[in-house]
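K.L.:
For reference, the file coords39.csv (CSV, C-alpha atoms and all ligand atoms) is included below:
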chain,number,residue,atom,x,y,z
A,1,MET,CA,35.9,8.0,11.5
A,2,THR,CA,34.5,7.1,8.1
A,3,LYS,CA,34.9,3.6,6.8
A,4,THR,CA,36.0,3.6,3.2
A,5,SER,CA,36.4,0.7,0.8
A,6,LYS,CA,39.5,-0.2,-1.2
A,7,ALA,CA,37.7,0.9,-4.4
A,8,THR,CA,37.4,4.5,-3.1
A,9,ASP,CA,39.4,6.7,-5.3
A,10,HIS,CA,39.2,9.9,-3.3
A,11,THR,CA,38.6,10.8,0.3
A,12,LEU,CA,36.0,12.9,2.0
A,13,ARG,CA,38.6,15.6,2.2
A,14,ASP,CA,38.9,15.7,-1.6
A,15,VAL,CA,35.1,16.0,-1.9
A,16,CYS,CA,35.0,18.8,0.6
A,17,GLU,CA,37.8,20.7,-1.1
A,18,ALA,CA,36.1,20.3,-4.5
A,19,ILE,CA,32.8,21.6,-3.1
A,20,GLY,CA,34.5,24.4,-1.1
A,21,ALA,CA,36.3,25.7,-4.2
A,22,ARG,CA,33.2,26.0,-6.3
A,23,GLU,CA,29.9,28.0,-6.3
A,24,ARG,CA,27.4,26.8,-8.8
A,25,PHE,CA,26.2,23.2,-8.5
A,26,VAL,CA,23.9,20.9,-10.4
A,27,VAL,CA,22.8,17.9,-8.3
A,28,ALA,CA,21.8,14.8,-10.3
A,29,SER,CA,21.0,11.1,-9.7
A,30,HIS,CA,19.6,8.2,-11.7
A,31,ALA,CA,16.6,8.1,-14.1
A,32,ARG,CA,13.5,6.7,-12.5
A,33,PRO,CA,14.6,7.9,-9.1
A,34,ASP,CA,14.0,6.0,-5.9
A,35,GLY,CA,14.0,7.2,-2.3
A,36,ASP,CA,17.8,7.0,-2.0
A,37,ALA,CA,18.2,9.1,-5.2
A,38,VAL,CA,15.8,11.8,-4.2
A,39,GLY,CA,16.9,11.8,-0.5
A,40,SER,CA,20.6,12.0,-1.3
A,41,GLN,CA,20.0,14.8,-3.9
A,42,MET,CA,17.8,16.9,-1.6
A,43,ALA,CA,19.9,16.5,1.5
A,44,MET,CA,23.0,17.5,-0.5
A,45,ALA,CA,21.1,20.5,-2.0
A,46,PHE,CA,20.0,21.7,1.5
A,47,ALA,CA,23.6,21.4,2.7
A,48,LEU,CA,25.0,23.3,-0.3
A,49,GLU,CA,22.4,26.1,0.3
A,50,ALA,CA,23.5,26.2,3.9
A,51,LEU,CA,27.0,27.0,2.7
A,52,GLY,CA,25.6,29.8,0.5
A,53,LYS,CA,26.1,27.9,-2.8
A,54,GLN,CA,23.9,28.1,-5.8
A,55,VAL,CA,22.1,24.8,-6.4
A,56,THR,CA,19.9,23.2,-9.0
A,57,VAL,CA,18.5,19.7,-8.5
A,58,VAL,CA,17.7,17.9,-11.7
A,59,SER,CA,16.1,14.5,-12.6
A,60,ALA,CA,15.3,12.8,-15.9
A,61,ASP,CA,12.0,11.5,-14.3
A,62,PRO,CA,9.6,12.6,-11.6
A,63,PRO,CA,10.2,11.5,-8.0
A,64,PRO,CA,8.3,8.5,-6.7
A,65,GLU,CA,4.8,9.3,-5.4
A,66,ALA,CA,5.8,8.7,-1.8
A,67,CYS,CA,8.6,11.3,-1.9
A,68,ARG,CA,6.6,14.1,-3.5
A,69,GLY,CA,5.5,15.7,-0.1
A,70,LEU,CA,9.0,15.8,1.3
A,71,PRO,CA,10.7,19.2,1.8
A,72,GLY,CA,12.0,20.9,-1.4
A,73,VAL,CA,11.1,18.0,-3.7
A,74,GLY,CA,8.8,20.3,-5.7
A,75,THR,CA,11.8,22.4,-6.8
A,76,ILE,CA,13.5,19.5,-8.7
A,77,VAL,CA,13.8,20.4,-12.4
A,78,ILE,CA,12.5,17.4,-14.3
A,79,GLY,CA,13.4,16.6,-17.9
A,80,PRO,CA,15.9,14.8,-20.2
A,81,THR,CA,18.2,17.8,-20.8
A,82,VAL,CA,19.9,20.1,-18.3
A,83,ALA,CA,20.7,23.6,-19.4
A,84,GLY,CA,22.8,26.1,-17.5
A,85,GLU,CA,26.3,27.0,-16.4
A,86,TRP,CA,27.8,25.0,-13.5
A,87,ASP,CA,31.1,24.8,-11.7
A,88,ALA,CA,30.4,21.2,-10.8
A,89,ALA,CA,27.9,18.4,-11.1
A,90,ILE,CA,27.3,16.2,-8.0
A,91,VAL,CA,26.1,12.9,-9.4
A,92,MET,CA,24.8,10.4,-6.9
A,93,GLU,CA,23.7,6.8,-7.1
A,94,CYS,CA,25.0,6.4,-10.6
A,95,GLY,CA,27.6,3.7,-11.6
A,96,GLU,CA,28.2,5.7,-14.8
A,97,LEU,CA,27.1,9.1,-16.0
A,98,ALA,CA,24.7,7.6,-18.5
A,99,ARG,CA,22.5,6.3,-15.6
A,100,THR,CA,21.3,9.9,-15.1
A,101,GLY,CA,19.4,9.6,-18.3
A,102,LEU,CA,20.3,13.3,-18.7
A,103,THR,CA,22.1,15.1,-21.5
A,104,GLY,CA,24.0,18.3,-20.9
A,105,LEU,CA,26.3,17.1,-18.1
A,106,ASP,CA,29.2,15.9,-20.2
A,107,GLY,CA,32.3,18.0,-19.7
A,108,THR,CA,31.1,19.4,-16.4
A,109,PHE,CA,33.5,18.8,-13.4
A,110,ALA,CA,31.9,15.8,-11.8
A,111,ILE,CA,31.8,14.7,-8.2
A,112,ASN,CA,30.7,11.0,-8.2
A,113,ILE,CA,29.2,9.8,-4.9
A,114,ASP,CA,27.9,6.2,-5.0
A,115,HIS,CA,27.6,2.8,-3.3
A,116,HIS,CA,26.9,0.5,-6.3
A,117,LEU,CA,29.3,-2.3,-7.0
A,118,GLY,CA,30.9,-1.7,-10.4
A,119,ASN,CA,31.0,2.1,-10.3
A,120,THR,CA,33.3,3.1,-13.2
A,121,LEU,CA,34.8,6.0,-11.1
A,122,TYR,CA,33.9,8.4,-14.0
A,123,GLY,CA,34.1,11.5,-11.8
A,124,ASP,CA,36.9,14.1,-11.4
A,125,VAL,CA,36.4,13.3,-7.8
A,126,ASN,CA,35.0,9.9,-6.8
A,127,TYR,CA,33.7,9.1,-3.4
A,128,PHE,CA,32.6,5.5,-3.7
A,129,ASP,CA,31.9,3.0,-0.9
A,130,GLU,CA,30.0,-0.2,-1.6
A,131,SER,CA,29.9,-1.0,2.2
A,132,ALA,CA,27.3,1.8,2.6
A,133,ALA,CA,23.6,0.6,2.9
A,134,ALA,CA,22.5,3.7,1.0
A,135,CYS,CA,24.1,6.6,-0.9
A,136,GLY,CA,22.4,8.7,1.9
A,137,GLU,CA,25.0,7.2,4.3
A,138,LEU,CA,27.8,8.7,2.2
A,139,VAL,CA,26.0,12.1,1.9
A,140,SER,CA,25.6,12.2,5.6
A,141,SER,CA,29.4,11.8,5.9
A,142,VAL,CA,30.0,14.5,3.3
A,143,ILE,CA,27.6,16.9,5.1
A,144,GLY,CA,29.4,16.1,8.4
A,145,ALA,CA,32.8,16.7,6.9
A,146,LEU,CA,31.7,20.0,5.4
A,147,GLY,CA,30.8,21.1,8.9
A,148,VAL,CA,27.2,21.8,8.0
A,149,PRO,CA,24.8,21.3,11.0
A,150,LEU,CA,22.1,18.8,10.1
A,151,THR,CA,18.7,20.4,9.8
A,152,ALA,CA,15.4,18.6,10.1
A,153,GLU,CA,15.0,18.8,6.3
A,154,MET,CA,18.4,17.2,5.6
A,155,ALA,CA,17.8,14.6,8.3
A,156,THR,CA,14.4,13.7,6.9
A,157,HIS,CA,15.9,13.2,3.4
A,158,LEU,CA,18.8,11.1,4.6
A,159,TYR,CA,16.6,8.9,6.7
A,160,VAL,CA,14.3,8.3,3.7
A,161,ALA,CA,17.3,7.4,1.6
A,162,ILE,CA,18.4,4.8,4.1
A,163,LEU,CA,14.9,3.6,5.0
A,164,THR,CA,13.9,2.9,1.4
A,165,ASP,CA,17.3,1.5,0.1
A,166,THR,CA,17.2,-1.1,2.9
A,167,GLY,CA,13.6,-2.0,2.4
A,168,SER,CA,12.8,-0.8,5.9
A,169,PHE,CA,16.0,-2.4,7.3
A,170,HIS,CA,15.3,-5.7,5.7
A,171,HIS,CA,18.3,-6.0,3.3
A,172,GLY,CA,21.5,-4.5,2.0
A,173,ALA,CA,24.8,-3.5,3.6
A,174,ILE,CA,23.2,-2.5,6.9
A,175,SER,CA,26.0,-2.0,9.5
A,176,ALA,CA,26.5,-0.4,12.9
A,177,ARG,CA,27.4,2.8,11.0
A,178,THR,CA,23.8,2.7,9.5
A,179,PHE,CA,22.3,2.9,12.9
A,180,GLU,CA,24.8,5.4,14.2
A,181,ILE,CA,23.8,7.7,11.3
A,182,CYS,CA,20.1,7.0,11.8
A,183,GLY,CA,20.5,7.9,15.5
A,184,ARG,CA,22.0,11.3,14.5
A,185,LEU,CA,19.2,11.8,11.9
A,186,THR,CA,16.5,11.1,14.5
A,187,ALA,CA,18.1,13.5,16.9
A,188,ALA,CA,18.2,16.1,14.2
A,189,GLY,CA,14.4,15.8,13.5
A,190,ALA,CA,13.7,12.8,11.3
A,191,ASP,CA,10.5,11.0,12.3
A,192,PRO,CA,11.0,7.2,11.9
A,193,PRO,CA,7.4,6.0,12.3
A,194,GLY,CA,5.9,8.9,10.3
A,195,LEU,CA,8.4,8.4,7.5
A,196,ALA,CA,7.9,4.6,7.5
A,197,ARG,CA,4.1,5.2,7.1
A,198,GLN,CA,4.7,7.8,4.4
A,199,MET,CA,7.1,5.6,2.4
A,200,PHE,CA,5.5,2.2,2.7
A,201,ASP,CA,1.8,2.5,3.6
A,202,GLN,CA,0.8,3.9,0.2
A,203,TYR,CA,-1.5,1.3,-1.2
A,204,SER,CA,-4.6,2.4,-3.2
A,205,VAL,CA,-7.8,0.7,-2.4
A,206,GLY,CA,-7.7,-0.9,-5.8
A,207,ARG,CA,-4.3,-2.4,-4.9
A,208,LEU,CA,-5.6,-3.9,-1.7
A,209,LYS,CA,-8.5,-5.4,-3.5
A,210,VAL,CA,-6.5,-6.9,-6.4
A,211,LEU,CA,-3.8,-8.3,-4.0
A,212,GLY,CA,-6.6,-9.9,-2.0
A,213,ALA,CA,-8.2,-11.4,-5.0
A,214,VAL,CA,-5.0,-12.8,-6.4
A,215,LEU,CA,-3.9,-14.2,-3.1
A,216,THR,CA,-7.3,-15.8,-2.5
A,217,ASP,CA,-6.9,-17.7,-5.7
A,218,MET,CA,-3.3,-18.7,-5.0
A,219,ARG,CA,-2.5,-22.3,-5.7
A,220,LEU,CA,0.2,-24.1,-3.6
A,221,VAL,CA,2.1,-27.1,-5.0
A,222,GLY,CA,5.2,-29.1,-4.1
A,223,ASN,CA,4.3,-29.4,-0.4
A,224,ASP,CA,3.4,-25.7,-0.2
A,225,GLY,CA,6.9,-24.9,-1.4
A,226,VAL,CA,5.8,-23.2,-4.6
A,227,ALA,CA,3.0,-20.5,-4.9
A,228,VAL,CA,1.2,-20.1,-8.2
A,229,LEU,CA,-0.5,-16.8,-8.9
A,230,ALA,CA,-2.4,-15.4,-11.9
A,231,PHE,CA,-4.2,-12.3,-13.0
A,232,ASP,CA,-5.8,-11.0,-16.1
A,233,ASP,CA,-7.4,-7.8,-17.4
A,234,ALA,CA,-10.8,-8.7,-16.1
A,235,LEU,CA,-9.6,-9.1,-12.5
A,236,LEU,CA,-7.8,-5.7,-12.7
A,237,THR,CA,-11.0,-4.0,-13.9
A,238,ARG,CA,-13.2,-5.8,-11.3
A,239,SER,CA,-10.8,-4.6,-8.5
A,240,GLY,CA,-10.6,-1.0,-9.8
A,241,ALA,CA,-6.8,-1.5,-10.0
A,242,THR,CA,-4.1,-0.6,-12.5
A,243,LEU,CA,-1.0,-2.5,-13.6
A,244,ASP,CA,1.0,-0.3,-11.2
A,245,ASP,CA,-1.1,-1.6,-8.3
A,246,LEU,CA,0.5,-5.1,-9.0
A,247,GLU,CA,4.0,-3.9,-8.3
A,248,GLY,CA,5.6,-6.3,-5.8
A,249,LEU,CA,2.7,-8.7,-5.9
A,250,VAL,CA,5.0,-11.6,-7.0
A,251,ASN,CA,7.1,-11.2,-3.9
A,252,LEU,CA,4.3,-11.5,-1.4
A,253,PRO,CA,4.1,-15.3,-1.1
A,254,LEU,CA,7.8,-15.4,-0.1
A,255,ALA,CA,6.7,-13.8,3.2
A,256,SER,CA,5.4,-17.3,4.1
A,257,ARG,CA,7.7,-19.7,5.9
A,258,THR,CA,7.1,-22.6,3.5
A,259,VAL,CA,7.0,-20.9,0.1
A,260,GLN,CA,10.5,-21.1,-1.6
A,261,ALA,CA,9.4,-19.9,-5.1
A,262,VAL,CA,6.6,-18.1,-6.8
A,263,VAL,CA,5.2,-18.3,-10.3
A,264,LEU,CA,3.0,-15.5,-11.5
A,265,PHE,CA,1.1,-15.7,-14.8
A,266,LYS,CA,-0.1,-12.4,-16.3
A,267,THR,CA,-2.6,-12.5,-19.1
A,268,ALA,CA,-3.6,-9.5,-21.2
A,269,ALA,CA,-6.0,-9.7,-24.2
A,270,GLY,CA,-4.2,-10.5,-27.4
A,271,GLU,CA,-0.8,-10.8,-25.8
A,272,PRO,CA,1.4,-13.8,-24.9
A,273,VAL,CA,1.3,-14.9,-21.3
A,274,ARG,CA,4.1,-13.3,-19.3
A,275,VAL,CA,5.6,-15.3,-16.4
A,276,SER,CA,7.4,-13.8,-13.4
A,277,LEU,CA,9.5,-16.0,-11.2
A,278,ARG,CA,10.8,-15.3,-7.7
A,279,SER,CA,12.7,-17.5,-5.2
A,280,LYS,CA,14.5,-17.6,-1.9
A,281,GLY,CA,18.2,-18.5,-1.3
A,282,GLY,CA,19.6,-21.2,-3.5
A,283,VAL,CA,16.5,-21.8,-5.6
A,284,ASP,CA,17.6,-20.9,-9.2
A,285,VAL,CA,14.6,-19.6,-11.1
A,286,ARG,CA,16.9,-18.0,-13.8
A,287,ALA,CA,17.7,-21.5,-15.0
A,288,VAL,CA,13.9,-22.2,-15.3
A,289,ALA,CA,13.3,-19.0,-17.2
A,290,SER,CA,16.2,-19.7,-19.5
A,291,ALA,CA,14.7,-23.1,-20.4
A,292,PHE,CA,11.7,-21.2,-21.6
A,293,GLY,CA,13.6,-18.6,-23.6
A,294,GLY,CA,13.7,-16.0,-20.8
A,295,GLY,CA,16.3,-14.8,-18.3
A,296,GLY,CA,17.1,-12.8,-15.2
A,297,HIS,CA,18.8,-13.5,-11.9
A,298,ARG,CA,18.9,-16.5,-9.6
A,299,ASN,CA,16.1,-15.2,-7.4
A,300,ALA,CA,14.2,-13.0,-9.9
A,301,ALA,CA,13.5,-14.0,-13.5
A,302,GLY,CA,10.9,-14.1,-16.2
A,303,CYS,CA,9.8,-15.5,-19.5
A,304,THR,CA,7.0,-15.4,-22.0
A,305,LEU,CA,4.7,-18.4,-23.0
A,306,GLU,CA,3.7,-18.7,-26.6
A,307,SER,CA,0.9,-20.9,-25.6
A,308,SER,CA,-1.5,-20.2,-22.7
A,309,THR,CA,-2.8,-23.8,-22.4
A,310,PRO,CA,-2.9,-25.4,-18.9
A,311,ASP,CA,-0.2,-27.8,-20.1
A,312,ALA,CA,2.2,-25.0,-21.0
A,313,ARG,CA,1.6,-23.4,-17.6
A,314,ASP,CA,2.1,-26.8,-15.8
A,315,ALA,CA,5.4,-27.3,-17.6
A,316,ILE,CA,6.8,-24.2,-15.9
A,317,VAL,CA,5.4,-25.0,-12.5
A,318,THR,CA,6.8,-28.5,-12.7
A,319,ARG,CA,10.3,-27.0,-13.5
A,320,VAL,CA,10.0,-24.6,-10.5
A,321,VAL,CA,9.0,-27.4,-8.1
A,322,ALA,CA,12.1,-29.4,-9.4
A,323,ALA,CA,14.3,-26.3,-8.8
A,324,VAL,CA,13.0,-26.0,-5.2
A,325,ASN,CA,13.7,-29.8,-4.6
A,326,GLU,CA,17.2,-29.5,-6.1
A,327,ALA,CA,18.1,-26.6,-3.8
A,328,ALA,CA,16.7,-28.5,-0.8
A,329,ALA,CA,18.8,-31.5,-1.8
A,330,ALA,CA,21.9,-29.4,-2.2
A,331,ALA,CA,21.4,-27.8,1.2
A,332,ALA,CA,20.9,-31.2,2.9
A,333,THR,CA,24.1,-32.4,1.3
A,334,ALA,CA,26.0,-29.4,2.6
A,335,VAL,CA,24.7,-30.0,6.1
A,336,VAL,CA,25.8,-33.7,5.9
A,337,ALA,CA,29.2,-32.6,4.6
A,338,SER,CA,29.7,-30.1,7.4
A,339,GLU,CA,28.6,-32.6,10.1
A,340,GLY,CA,31.1,-35.0,8.6
A,341,HIS,CA,33.8,-32.5,9.6
A,342,GLY,CA,33.0,-32.6,13.3
A,343,ARG,CA,30.7,-30.6,15.4
A,344,ALA,CA,32.8,-27.5,16.1
A,345,GLY,CA,31.1,-24.2,16.6
A,346,THR,CA,27.5,-25.3,16.8
B,1,MN,MN,21.1,3.4,-3.3
Rewrite the coordinates I just gave you, this time as structure tokens.
Ligand SMILES: [Mn+2]

P.N.:
Amino acid sequence: MTKTSKATDHTLRDVCEAIGARERFVVASHARPDGDAVGSQMAMAFALEALGKQVTVVSADPPPEACRGLPGVGTIVIGPTVAGEWDAAIVMECGELARTGLTGLDGTFAINIDHHLGNTLYGDVNYFDESAAACGELVSSVIGALGVPLTAEMATHLYVAILTDTGSFHHGAISARTFEICGRLTAAGADPPGLARQMFDQYSVGRLKVLGAVLTDMRLVGNDGVAVLAFDDALLTRSGATLDDLEGLVNLPLASRTVQAVVLFKTAAGEPVRVSLRSKGGVDVRAVASAFGGGGHRNAAGCTLESSTPDARDAIVTRVVAAVNEAAAAAATAVVASEGHGRAGT
């Protein structure tokens, strides 16, 4: 049985009927695709081909590097405009059609398959379920309902979709259903250790070196609760790294038990200092960024410093330490309040 949310507009049966009644499909997902986008598209494409349908997979941007060796990915048509005659567009992972970054899909019969909160249900058929950990979970249900046997290619793509969207089963709406699906995918030929290596162990040597250098120079303040990182052009050059190699760097100190927030200063010649902020749980770094003219989310925010003096940098670090202390105080108050209500359920 497939779990569906209240927001689901149509059922799996509607999706299957819409697919069964049509022959020529264009399969799309969001611009700057991730593993869930590519995996959902390719698994759907293989299933449609198994049904004898005509399929074109399109994307505004190239697939992520790690996905390029996966089956069929080389056939994706990349570009901002799609041309052709279709009976239906299957659009996955997109809260609204504009997220595809594609022109040429307007007016095409649209089957919308997605798990992002806030989906506008723009499709002629909408299969939406925010309780899915990945769009790949929904595609797996569609393929099952279509009666198409899972091949190793489909299983590989669906496993990659779930593996990447959950950050290797670290976050997201992971449920018993997620593991039931992954069990079936593994039985059908997905290779969990091989795919984990292929998706996540993709560092260049330059990336290893620059991460090592930045972490070696990490400064810890506020009783080791706040990590302060910095890099500049010279460090990148010395490490043989590119800006892309610094992706995710700001999150690394959060893997430590004590660190509750991270401040990263990026300096490039002739540009203002950019500041990235990250935090855990109730530590609100958005409020800090806002105080310096920036913005973001509670746990991920950023701003720009007009002045690169040590004082200007210290002002931000001081605010972040205060945010960590405020969150700790709020958590302590909450514990005291709950203890005041008796000791039930400890
Ligand atoms: Mn997704």

K.L.:
At a cut-off of 12 Å and counting only C-alpha atoms and all ligand atoms, what residues surround ligand MN 1 (chain B)? Please answer as a ChimeraX atom specification.

P.N.:
/A:29-30,33-41,92-95,113-117,128-139,158,160-167,171-174

K.L.:
Let me make sure I understand: among A:Val210, A:Ala188, A:Ala110, A:Ile76, which one has the smallest atom-to-atom distance to Asp244 of chain A if we use all atoms listed in the file?

P.N.:
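Under the stated criterion, the closest residue is A:Val210.
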
K.L.:
Taking (27.3, 28.0, -5.0) in the file's coordinates as the center, which residues reach within 12 Å of it, counting all atoms listed in the file, put as a list in words?

P.N.:
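In the file's frame, the residues around the point are Ala18, Ile19, Gly20, Ala21, Arg22, Glu23, Arg24, Phe25, Val26, Val27, Ala45, Phe46, Ala47, Leu48, Glu49, Ala50, Leu51, Gly52, Lys53, Gln54, Val55, Thr56, Glu85, Trp86, Asp87, Ala88 and Ala89 of chain A.
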
K.L.:
Dig up all the protein and nucleic acid residues within 12 Å of (15.9, -13.5, -17.9) in the file frame, using only C-alpha atoms, and format them as number ranges by chain.

P.N.:
A: 274-278, 284-304

K.L.:
Quick one: residues within 7 Å of segment 256-268 of chain A, only C-alpha atoms, excluding same-chain residues fewer than 3 positions away - as a ChimeraX atom specification?

P.N.:
/A:224-233,250,253,271,273-280,324

K.L.:
Using only C-alpha atoms, can you tell me which of A:Tyr159, A:Thr216, A:Phe169, A:Asp311 comes closest to Gly183 of chain A?

P.N.:
A:Tyr159

K.L.:
Env of Arg184 of chain A: 10 Å cut, atoms = only C-alpha atoms, seq-sep filter 6 positions within chain, self excluded. Answer as a ChimeraX atom specification.

P.N.:
/A:140,150,155,159,190
